[in-house]
Protein chains: 6
Amino acid sequence: MLTSHAIDTVVRAALDEDAPWGDLTSEVLIPADALATAQLVAREPGVFSGEAVFEAAFRLTDPRILVHRLTADGAAFAAGDVLAEASGPARGILQAERIGLNFVQRMSGIATLTSAHVFAVKDTRARITDTRKTTPGLRALEKYAVRCGGGFNHRFGLDDAILIKDNHIAVAGGIRAVLERAKAAAGHLVKIEIEVDSLEQLQEVLDCGLADVVLIDNFDVASMRKAVEQVAGRLVIEASGGITLDTIGEIATTGVDYASSGALTHSAPALDVGLDIEI
Amino acid sequence: MLTSHAIDTVVRAALDEDAPWGDLTSEVLIPADALATAQLVAREPGVFSGEAVFEAAFRLTDPRILVHRLTADGAAFAAGDVLAEASGPARGILQAERIGLNFVQRMSGIATLTSAHVFAVKDTRARITDTRKTTPGLRALEKYAVRCGGGFNHRFGLDDAILIKDNHIAVAGGIRAVLERAKAAAGHLVKIEIEVDSLEQLQEVLDCGLADVVLIDNFDVASMRKAVEQVAGRLVIEASGGITLDTIGEIATTGVDYASSGALTHSAPALDVGLDIEI
Amino acid sequence: MLTSHAIDTVVRAALDEDAPWGDLTSEVLIPADALATAQLVAREPGVFSGEAVFEAAFRLTDPRILVHRLTADGAAFAAGDVLAEASGPARGILQAERIGLNFVQRMSGIATLTSAHVFAVKDTRARITDTRKTTPGLRALEKYAVRCGGGFNHRFGLDDAILIKDNHIAVAGGIRAVLERAKAAAGHLVKIEIEVDSLEQLQEVLDCGLADVVLIDNFDVASMRKAVEQVAGRLVIEASGGITLDTIGEIATTGVDYASSGALTHSAPALDVGLDIEI
Amino acid sequence: MLTSHAIDTVVRAALDEDAPWGDLTSEVLIPADALATAQLVAREPGVFSGEAVFEAAFRLTDPRILVHRLTADGAAFAAGDVLAEASGPARGILQAERIGLNFVQRMSGIATLTSAHVFAVKDTRARITDTRKTTPGLRALEKYAVRCGGGFNHRFGLDDAILIKDNHIAVAGGIRAVLERAKAAAGHLVKIEIEVDSLEQLQEVLDCGLADVVLIDNFDVASMRKAVEQVAGRLVIEASGGITLDTIGEIATTGVDYASSGALTHSAPALDVGLDIEI
Amino acid sequence: MLTSHAIDTVVRAALDEDAPWGDLTSEVLIPADALATAQLVAREPGVFSGEAVFEAAFRLTDPRILVHRLTADGAAFAAGDVLAEASGPARGILQAERIGLNFVQRMSGIATLTSAHVFAVKDTRARITDTRKTTPGLRALEKYAVRCGGGFNHRFGLDDAILIKDNHIAVAGGIRAVLERAKAAAGHLVKIEIEVDSLEQLQEVLDCGLADVVLIDNFDVASMRKAVEQVAGRLVIEASGGITLDTIGEIATTGVDYASSGALTHSAPALDVGLDIEI
Amino acid sequence: MLTSHAIDTVVRAALDEDAPWGDLTSEVLIPADALATAQLVAREPGVFSGEAVFEAAFRLTDPRILVHRLTADGAAFAAGDVLAEASGPARGILQAERIGLNFVQRMSGIATLTSAHVFAVKDTRARITDTRKTTPGLRALEKYAVRCGGGFNHRFGLDDAILIKDNHIAVAGGIRAVLERAKAAAGHLVKIEIEVDSLEQLQEVLDCGLADVVLIDNFDVASMRKAVEQVAGRLVIEASGGITLDTIGEIATTGVDYASSGALTHSAPALDVGLDIEI
């Protein structure tokens, strides 16, 4: 659960950006005492994420606006469903509209795309996971949206797991050397993952017995199957590279444990939701 | 030009997010005194945006890292081109890598998508413009990226133009009423745009002679042509709704002045760039 | 309408400044459970601005203090009028007093000075407008106060209109060149204003037909009249330089559309209001 | 000395406010590689304050701009004097111009007004002091400007001295009671000042022997003289109320130690300085 | 009284630090609709400080959590006493637990240690005071905690009193020179304290008659007695250096007015309090 | 490695706190152009931590001050050793002194205490680890200081590992149920630790085979030995409760893998270092 404070912080930044001097149009055209009700309506089906940020967008614009949440984060909805309602002073509702929508469109877009990936692997052992390729400033919301879509989170940042890549291997002088150094230095709550790009490298990792997770990057499907056989359950296997809705189904049949996709967060299309306002 | 301070502010937020406690992997595996050079390499062709944020990502991680800019914002590049170089302490370069890339991928993705739209309308009078459907917290960077791609910016926020929509018309009691009120209240540096959804409404707007820009929303191409004839240069026309790379070419032939697309900022795929590091 | 969040942000900065360690005097001399009521009373007549910041000053000091707003922003008041009331814990009321007053004195000072200018031009077409010469950090509040006094806002910042000055003209190589370049580069929601210092320059601007507004700077009244004749309604005219309560009346009779004054915000005397407290 | 960090913080807030999206005019009209030099020139005589904030305005806009300080804070200057110079990229110089000027105009305005007061009392024992009636967010700069003008600072906030007013006296049950309580509770580095509005109250304060400073508020000149006689050096006397350039001379002859004026900070006219730019 | 805003600011920083991405354990193991009650229980006796920060930790995590304060800041308590209660959603209570406890443990630790010092000097004229050796970022809370324990605050920062040390004396050219310069430059609400390290220096200070407080640093007890005799009430005497619970009793008998200890804030052991939660 | 930005952020907060209005004493007593050199000298032996924050304290006060680092973080030093030097304007050096010292004293205090624990367990398999009982706002620095002292970090926050306590067990309905739920929900980079308070609970945990780490809380030494035997290398064992320099030696002989101590961060005495200044 993100703290109320953390959600407010992100919404504050968006408000600062959108209306530092107020909303000219509403100030000029809408009477100060006009009231309005607004419905957040889905224009296409999807999975919801963003109830708390939607609420905060209106509250931090004008505390007299009340928001009723009708759909919970993580729930699926159909086109036309009403996801939430807001009521109160019309100026504030018009002013907060775009901010509220921007967050919901982005977060629900991520949740929906994640959910489609999860659905595509549903009869396999594969789990869907994100990456650190998130929108700067919105990582907490985007990783939360991945969870809403049924996905799992990879590292939050550089500090909650060790992920060894080719540069680290080269500097340390090889796979065994790097894993030994990592194992010696890692605390008891830090997992060690290592990226390999060949079955030979994978074998070296297996021989060491020091890693928790192996990342097989840009393997073709046949190689993934071989990797799964080779590992035989001794390590968790994460596949990355070229994970899309088109490919994920077949990839999942290889027996990998996780498939990670940066596109879940950096390229998910915004979900189409709108606000129907009555003043 | 964004101020140096404004760019640093966005980058600081990203650094706070990615490595509040440091980079475990580098701290454990890379000697403190190891040096590295890194090349920002395009993995696909595109239009560059983000030179200053890329530089800031490294400088604010470790001021001893020097960044050389090789490609200017707004320049096109081919796959394989080196866009920038960084050199200095290896730990800091590895630590800042993902942050730098996240910004460049997003901004160059927007610039590249915008540029493709601009190219598609190149022999028409149409200009490409963005919307307020930007990523919360990154509007300044994203609207800058649209400019790098040859596009024009719509309003930055709710306060730098009046944009009249159906709710405002309804509250004011009609198009003439709303335009008269807007004209009376607007200052001399504020333009007035009004959204219409039919040729009849468009005619009403024309009859008033009070608007600067008319937004024709979700018109089909035939109606756009009629709108252009009807307006006959008396107003600037902006078309919105369903603007994609597939449709923009035909839309531009109708003679509209601007075509606006939220997808430029909210759904542009991240551009594939990588960092080749030597330690 | 400024967002509730934006107002709180400014007030928080003031509280940080005034009592980072608390209010020594009240802590020592007022019992923790003492209650008080306070009336915000005008010591001189004026136009009110600042109801929301006044409320926030008390709420953010101690949320148990309730503020009742008795005069709306933009309303005129007489000496002795009660503009608002606060009630709750006495320590908090004493602690927030000066912060609340500082804001109201400044904002109402600006609104009152603006209103006097507006009154002085009341039978002319002239409108009063501010400049960017605002107090650093308080621009949103000060420009809002100008609106409370019946004035109009000039640009909020460097990014919501193009204002061409002598340096720009010189670099571009003349008035026609600069206006053509500006017109070509400006988006459809950006107005173009150009500053001239002679009737000859004015004629050049008119001949180009590319500007929306002309700023005639430091013209004497006779020249202003000639300028108005020369323009004959083809451009909006803004007069600046030497606009004071003494001069504005005559200037307005020349037929200019706007008169802009930096003094409205940078040199408005604080309005005398006080807080009558009963404990 | 204000820290470099503190000055940067205030300037950053001003930059955020003035050009969140950049400077449209310069971006469109000034080539990216154009260079400029700028001179900060006094349009009227005064006392300078603000060298460090002026420098920061340019540096935080574009670090490649160099500022040379030619006049030190606290120095007097004549109309036409060059106070500082900046050189570097033209866009950045134009963009930072107004921010730099806003600070210098305000701070030098305060320093100059303070200096005029100081000059008016020059052959007396009276010192000029400010109040807490400062611009919200700018107290550190404004109180610094008072010092540049030769004035003395009153309390910075509610926490660095005890100042007893009528409400405190009433709650405590009289002057002796309030002073005894204050003395008992105050630490060894906290001075105690008490406000009185009659010679009778003053006598009570003297009889207690517990205060460090007495504030005689809104006394006429004759009463001030009597107060000075009555006190006979046993307390520091601060006079407040109606302190202006017109009255301060006579007030100073009464023998009071300090005269405090809120107008020094809340109503000082901006000093006229300009930036002469060559591109 | 610290403002509500100031307390929230510190708590927000702590929340940012502890759970930027949420509380994994509770999210996974505790149903979203589970409720809980929690009691803040003392595991050892002490003096309480931190009621408002404890409340804020829960409110800013989830506003639906209600906190009831049972013990006031400054009150003594026994092991086993319930100091406060919280009730509401279980996830939020578990998530905020450590933050709330960290603040209470630290602040009550300081209050308790201060109180022990105060008790140790109870039949003397000596008062206990803190220093500027506080935890960076927490000075307001820590100095408040000292007050809760019955202590007095020394300077809050470098700006609310003049404290002259050996370096200043050396630069100014001796004790008389430094005191004369300080007296001439100090405003009427600024006390002047000077540190001496010998009885000879002390005599020089006395001869000048210009200081308010003398700081005798690292004097042995015999020298302190002599200093008290020598001063004979003409100055306030603060003793520093080697002030501990073991030594403070004897030191207080010497007749010094204040004894200052940095250990009160920089080395107070955290007080043992816990949260008993029922879900 | 903490980013340069992260370190600056913490130091900025400390500067805001200590000298918002400047340093009265230096401003009054030290000429603006006086220069000084300062040596950071150890008054007692220890392990250093804080070189970067020390540097930042001076640089952010006055960028003209240069700091030379003579001792690296993590290095041991003797009483009298010079740890770093600063040179530049005297006012700034005096102003930054306390801030720089406060950080070094705290961080080196933690590093030194940690190092003493590490030394005490040097011939055993036990490692020393911290907790989340850190100073609010300083967790990054304090956990870094633990690493400087040779310790290992426990979780940074609530989000980088799952730590199951009694409340979670109770809600889930027992150890097996809670572990199964945790295992099913945890991603592949999240370790699962569970706290037990008896050997019976430990056996349950072992039987499940789902946890990575077991936390044995408040076990006596005999029980710890039994726990180690019982676990027989199948789990990592962390011991907590009553870990002090007096007890850690014996505890380490039991064969536990980690011993965690909140006192390392919440109650480490400040290390005695001073700044010797020459002006």
# chains A, B, ... in the order shown; residues from 1 in each chain; ligands from 1
>>> interface_residues(of="chain C", to="chain F", cutoff="12 Å", atoms="only C-alpha atoms", output="PyMOL selection string")
chain C and resi 16-21
>>> write_last_selection(atoms="N, CA and C atoms", output="CSV table (one decimal), in the first residue's frame")
chain,number,residue,atom,x,y,z
C,16,ASP,N,7.4,28.1,7.8
C,16,ASP,CA,8.7,27.6,8.0
C,16,ASP,C,9.7,28.7,8.4
C,17,GLU,N,9.4,29.9,7.8
C,17,GLU,CA,10.2,31.0,8.0
C,17,GLU,C,10.0,31.7,9.4
C,18,ASP,N,8.8,31.7,9.8
C,18,ASP,CA,8.4,32.6,11.0
C,18,ASP,C,8.5,31.8,12.3
C,19,ALA,N,8.4,30.6,12.3
C,19,ALA,CA,8.4,29.9,13.6
C,19,ALA,C,8.9,28.5,13.5
C,20,PRO,N,10.1,28.3,13.0
C,20,PRO,CA,10.6,27.0,12.8
C,20,PRO,C,10.7,26.2,14.2
C,21,TRP,N,10.9,27.0,15.2
C,21,TRP,CA,11.1,26.3,16.5
C,21,TRP,C,9.9,26.6,17.4
>>> select_by_dssp(residues="range 51-140 of chain B", states="strand (DSSP E)", output="ChimeraX atom specification")
/B:66-69,76-77,82-89,127-129
>>> residues_around(residues="range 116-127 of chain F", least_positions_apart="6", cutoff="8 Å", atoms="only C-alpha atoms", output="ChimeraX atom specification")
/F:149-152,244-245,248-249,252-253,255-259
>>> closest_residue(among="A:Ala38, A:Leu141, A:Ala222, A:Leu271", to="Gly22 in chain E", atoms="only C-alpha atoms")
A:Leu141
>>> residues_around(residues="Ser49 in chain C", least_positions_apart="3", cutoff="6 Å", atoms="only C-alpha atoms", output="PyMOL selection string")
chain C and resi 73+107-108+145
>>> atom_distance(atom1="CA of Ile30 in chain F", atom2="CA of Ile7 in chain F")
29.1 Å
>>> select_by_dssp(residues="range 74-260 of chain D", states="alpha helix (DSSP H)", output="compact mmCIF listing (two decimals) with C-alpha atoms, in the first residue's frame")
# COMPACT_ATOMS: atom_id res chain seq x y z
CA ALA D 90 22.21 35.28 -25.11
CA ARG D 91 19.11 33.18 -24.61
CA GLY D 92 19.93 32.52 -21.01
CA ILE D 93 20.77 36.14 -20.31
CA LEU D 94 17.45 37.29 -21.72
CA GLN D 95 15.62 34.56 -19.86
CA ALA D 96 17.15 35.36 -16.47
CA GLU D 97 16.95 39.13 -16.85
CA ARG D 98 13.62 39.78 -15.13
CA ILE D 99 14.29 37.40 -12.24
CA GLY D 100 17.63 39.00 -11.55
CA LEU D 101 16.14 42.47 -11.74
CA ASN D 102 13.13 41.64 -9.56
CA PHE D 103 15.41 40.59 -6.71
CA VAL D 104 17.80 43.50 -7.04
CA GLN D 105 15.00 46.05 -7.33
CA ARG D 106 13.31 44.75 -4.21
CA MET D 107 16.39 44.27 -2.09
CA SER D 108 18.06 47.50 -3.13
CA GLY D 109 14.76 49.29 -2.63
CA ILE D 110 14.75 48.12 0.96
CA ALA D 111 18.41 48.92 1.49
CA THR D 112 17.96 52.37 0.03
CA LEU D 113 14.89 53.19 2.11
CA THR D 114 16.59 51.90 5.23
CA SER D 115 19.66 53.96 4.46
CA ALA D 116 17.55 57.10 4.14
CA HIS D 117 16.14 56.44 7.58
CA VAL D 118 19.60 55.83 8.98
CA PHE D 119 20.82 59.09 7.47
CA ALA D 120 17.89 60.96 8.99
CA ARG D 139 12.36 37.27 5.01
CA ALA D 140 16.02 36.27 4.96
CA LEU D 141 16.73 38.43 1.92
CA GLU D 142 14.73 41.37 3.16
CA LYS D 143 16.26 41.40 6.61
CA TYR D 144 19.65 41.10 4.97
CA ALA D 145 18.77 44.12 2.80
CA VAL D 146 17.91 46.09 5.92
CA ARG D 147 21.39 45.34 7.22
CA CYS D 148 22.87 46.44 3.89
CA ASP D 166 -1.44 43.27 25.34
CA ASN D 167 -3.02 39.86 24.86
CA HIS D 168 -0.26 38.18 26.81
CA ILE D 169 -0.53 40.75 29.60
CA ALA D 170 -4.26 40.27 29.82
CA VAL D 171 -4.06 36.50 29.96
CA ALA D 172 -1.30 36.51 32.55
CA ILE D 175 2.45 43.36 33.75
CA ARG D 176 4.24 42.04 36.81
CA ALA D 177 2.69 38.62 36.46
CA VAL D 178 3.53 38.35 32.80
CA LEU D 179 7.12 39.49 33.25
CA GLU D 180 7.70 37.13 36.16
CA ARG D 181 6.39 34.24 34.17
CA ALA D 182 8.46 35.19 31.14
CA LYS D 183 11.64 35.61 33.19
CA ALA D 184 11.15 32.25 34.84
CA ALA D 185 10.65 30.46 31.58
CA LEU D 199 3.59 55.99 30.61
CA GLU D 200 1.79 54.28 33.47
CA GLN D 201 2.38 50.89 31.93
CA LEU D 202 5.95 51.90 31.30
CA GLN D 203 6.39 52.66 34.98
CA GLU D 204 5.07 49.27 35.92
CA VAL D 205 7.59 47.67 33.63
CA LEU D 206 10.37 49.71 35.17
CA ASP D 207 9.28 48.78 38.67
CA CYS D 208 9.53 45.10 37.85
CA VAL D 221 6.76 62.74 20.41
CA ALA D 222 6.15 64.46 23.71
CA SER D 223 5.33 61.18 25.37
CA MET D 224 8.39 59.62 23.87
CA ARG D 225 10.52 62.26 25.51
CA LYS D 226 8.86 61.63 28.84
CA ALA D 227 9.39 57.91 28.39
CA VAL D 228 13.07 58.42 27.77
CA GLU D 229 13.38 60.51 30.91
CA GLN D 230 11.40 58.04 32.92
CA VAL D 231 13.48 55.10 31.81
CA ILE D 248 11.88 59.77 12.00
CA GLY D 249 14.12 62.79 12.36
CA GLU D 250 12.13 64.34 15.16
CA ILE D 251 11.45 61.01 16.82
CA ALA D 252 15.15 60.31 16.96
>>> residues_around(residues="Arg69 in chain B", least_positions_apart="3", cutoff="10 Å", atoms="only C-alpha atoms", output="mmCIF file with N, CA, C and O atoms, in the first residue's frame")
data_model
loop_
_atom_site.group_PDB
_atom_site.id
_atom_site.type_symbol
_atom_site.label_atom_id
_atom_site.label_comp_id
_atom_site.auth_asym_id
_atom_site.auth_seq_id
_atom_site.Cartn_x
_atom_site.Cartn_y
_atom_site.Cartn_z
ATOM 1 N N LEU B 40 26.443 6.431 -25.623
ATOM 2 C CA LEU B 40 24.991 6.340 -25.812
ATOM 3 C C LEU B 40 24.765 6.034 -27.289
ATOM 4 O O LEU B 40 25.045 6.868 -28.151
ATOM 5 N N GLU B 51 19.435 15.736 -24.504
ATOM 6 C CA GLU B 51 20.869 15.856 -24.227
ATOM 7 C C GLU B 51 21.158 16.412 -22.826
ATOM 8 O O GLU B 51 22.054 15.944 -22.147
ATOM 9 N N ALA B 52 20.378 17.399 -22.416
ATOM 10 C CA ALA B 52 20.659 18.030 -21.122
ATOM 11 C C ALA B 52 20.277 17.136 -19.947
ATOM 12 O O ALA B 52 20.955 17.128 -18.918
ATOM 13 N N PHE B 54 20.259 13.877 -19.998
ATOM 14 C CA PHE B 54 21.256 12.800 -19.987
ATOM 15 C C PHE B 54 22.507 13.267 -19.234
ATOM 16 O O PHE B 54 23.029 12.565 -18.366
ATOM 17 N N GLU B 55 22.936 14.453 -19.553
ATOM 18 C CA GLU B 55 24.124 14.997 -18.886
ATOM 19 C C GLU B 55 23.895 15.126 -17.372
ATOM 20 O O GLU B 55 24.743 14.765 -16.557
ATOM 21 N N LEU B 66 32.169 13.224 -16.790
ATOM 22 C CA LEU B 66 32.028 14.238 -17.830
ATOM 23 C C LEU B 66 31.225 13.662 -18.984
ATOM 24 O O LEU B 66 31.450 12.523 -19.396
ATOM 25 N N ALA B 72 22.734 16.890 -31.303
ATOM 26 C CA ALA B 72 21.930 17.948 -30.702
ATOM 27 C C ALA B 72 20.461 17.544 -30.651
ATOM 28 O O ALA B 72 19.987 16.773 -31.487
ATOM 29 N N ASP B 73 19.751 18.073 -29.678
ATOM 30 C CA ASP B 73 18.317 17.861 -29.623
ATOM 31 C C ASP B 73 17.695 18.283 -30.948
ATOM 32 O O ASP B 73 18.003 19.360 -31.480
ATOM 33 N N VAL B 82 26.378 7.162 -32.425
ATOM 34 C CA VAL B 82 26.725 7.477 -31.034
ATOM 35 C C VAL B 82 26.186 8.873 -30.733
ATOM 36 O O VAL B 82 26.565 9.849 -31.389
ATOM 37 N N LEU B 83 25.336 8.964 -29.759
ATOM 38 C CA LEU B 83 24.627 10.219 -29.494
ATOM 39 C C LEU B 83 25.321 11.074 -28.441
ATOM 40 O O LEU B 83 25.203 12.294 -28.434
ATOM 41 N N ALA B 84 26.032 10.406 -27.540
ATOM 42 C CA ALA B 84 26.743 11.134 -26.486
ATOM 43 C C ALA B 84 27.735 10.174 -25.849
ATOM 44 O O ALA B 84 27.627 8.949 -26.010
ATOM 45 N N GLU B 85 28.686 10.730 -25.133
ATOM 46 C CA GLU B 85 29.660 9.904 -24.420
ATOM 47 C C GLU B 85 29.815 10.395 -22.994
ATOM 48 O O GLU B 85 29.732 11.591 -22.737
ATOM 49 N N ALA B 86 30.068 9.457 -22.115
ATOM 50 C CA ALA B 86 30.343 9.825 -20.721
ATOM 51 C C ALA B 86 31.608 9.131 -20.289
ATOM 52 O O ALA B 86 31.875 8.003 -20.707
#
>>> closest_residue(among="E:Leu210, E:Ala79, E:Val28, E:Val53", to="Val67 in chain E", atoms="only C-alpha atoms")
E:Val53
>>> atom_distance(atom1="CA of Arg64 in chain F", atom2="CA of His5 in chain D")
12.8 Å
>>> residues_around(residues="His266 in chain D", least_positions_apart="5", cutoff="8 Å", atoms="only C-alpha atoms", output="CSV table (one decimal) with all heavy atoms, in the first residue's frame")
chain,number,residue,atom,x,y,z
C,106,ARG,N,-0.5,42.4,2.0
C,106,ARG,CA,0.1,42.5,0.7
C,106,ARG,C,-0.9,42.4,-0.4
C,106,ARG,O,-0.9,43.2,-1.4
C,106,ARG,CB,1.2,41.4,0.6
C,106,ARG,CG,1.8,41.3,-0.8
C,106,ARG,CD,3.0,40.4,-0.7
C,106,ARG,NE,4.0,41.0,0.2
C,106,ARG,CZ,5.0,41.8,-0.3
C,106,ARG,NH1,5.1,42.1,-1.5
C,106,ARG,NH2,5.8,42.3,0.6
C,269,PRO,N,1.7,49.8,-1.5
C,269,PRO,CA,1.8,49.8,0.0
C,269,PRO,C,0.9,48.7,0.6
C,269,PRO,O,-0.2,48.4,0.1
C,269,PRO,CB,1.3,51.2,0.4
C,269,PRO,CG,1.1,51.9,-0.9
C,269,PRO,CD,1.0,50.9,-2.0
C,270,ALA,N,1.4,48.1,1.6
C,270,ALA,CA,0.6,47.1,2.4
C,270,ALA,C,-0.6,47.8,2.9
C,270,ALA,O,-0.6,48.9,3.4
C,270,ALA,CB,1.4,46.6,3.5
D,133,LYS,N,7.1,42.2,9.5
D,133,LYS,CA,6.2,42.4,8.4
D,133,LYS,C,6.9,42.3,7.1
D,133,LYS,O,7.0,43.3,6.3
D,133,LYS,CB,5.5,43.8,8.6
D,133,LYS,CG,4.6,43.9,9.8
D,133,LYS,CD,4.0,45.2,10.0
D,133,LYS,CE,3.2,45.2,11.3
D,133,LYS,NZ,2.7,46.6,11.7
D,134,THR,N,7.5,41.2,6.8
D,134,THR,CA,8.3,41.0,5.6
D,134,THR,C,7.4,40.2,4.5
D,134,THR,O,6.4,39.7,4.8
D,134,THR,CB,9.5,40.1,5.9
D,134,THR,OG1,9.1,38.9,6.6
D,134,THR,CG2,10.4,40.9,6.9
D,135,THR,N,8.0,40.2,3.4
D,135,THR,CA,7.3,39.4,2.3
D,135,THR,C,7.4,37.9,2.6
D,135,THR,O,8.5,37.4,2.8
D,135,THR,CB,8.0,39.7,1.0
D,135,THR,OG1,8.1,41.1,0.8
D,135,THR,CG2,7.2,39.1,-0.2
>>> residues_around(residues="His188 in chain E", least_positions_apart="3", cutoff="12 Å", atoms="only C-alpha atoms", output="number ranges by chain")
D: 126-130, 151-155, 160-161, 190-193, 211-215, 235-238, 257-260; E: 160-162, 182-185, 191-192
>>> atom_distance(atom1="CA of Gly233 in chain F", atom2="CA of Leu189 in chain F")
21.2 Å
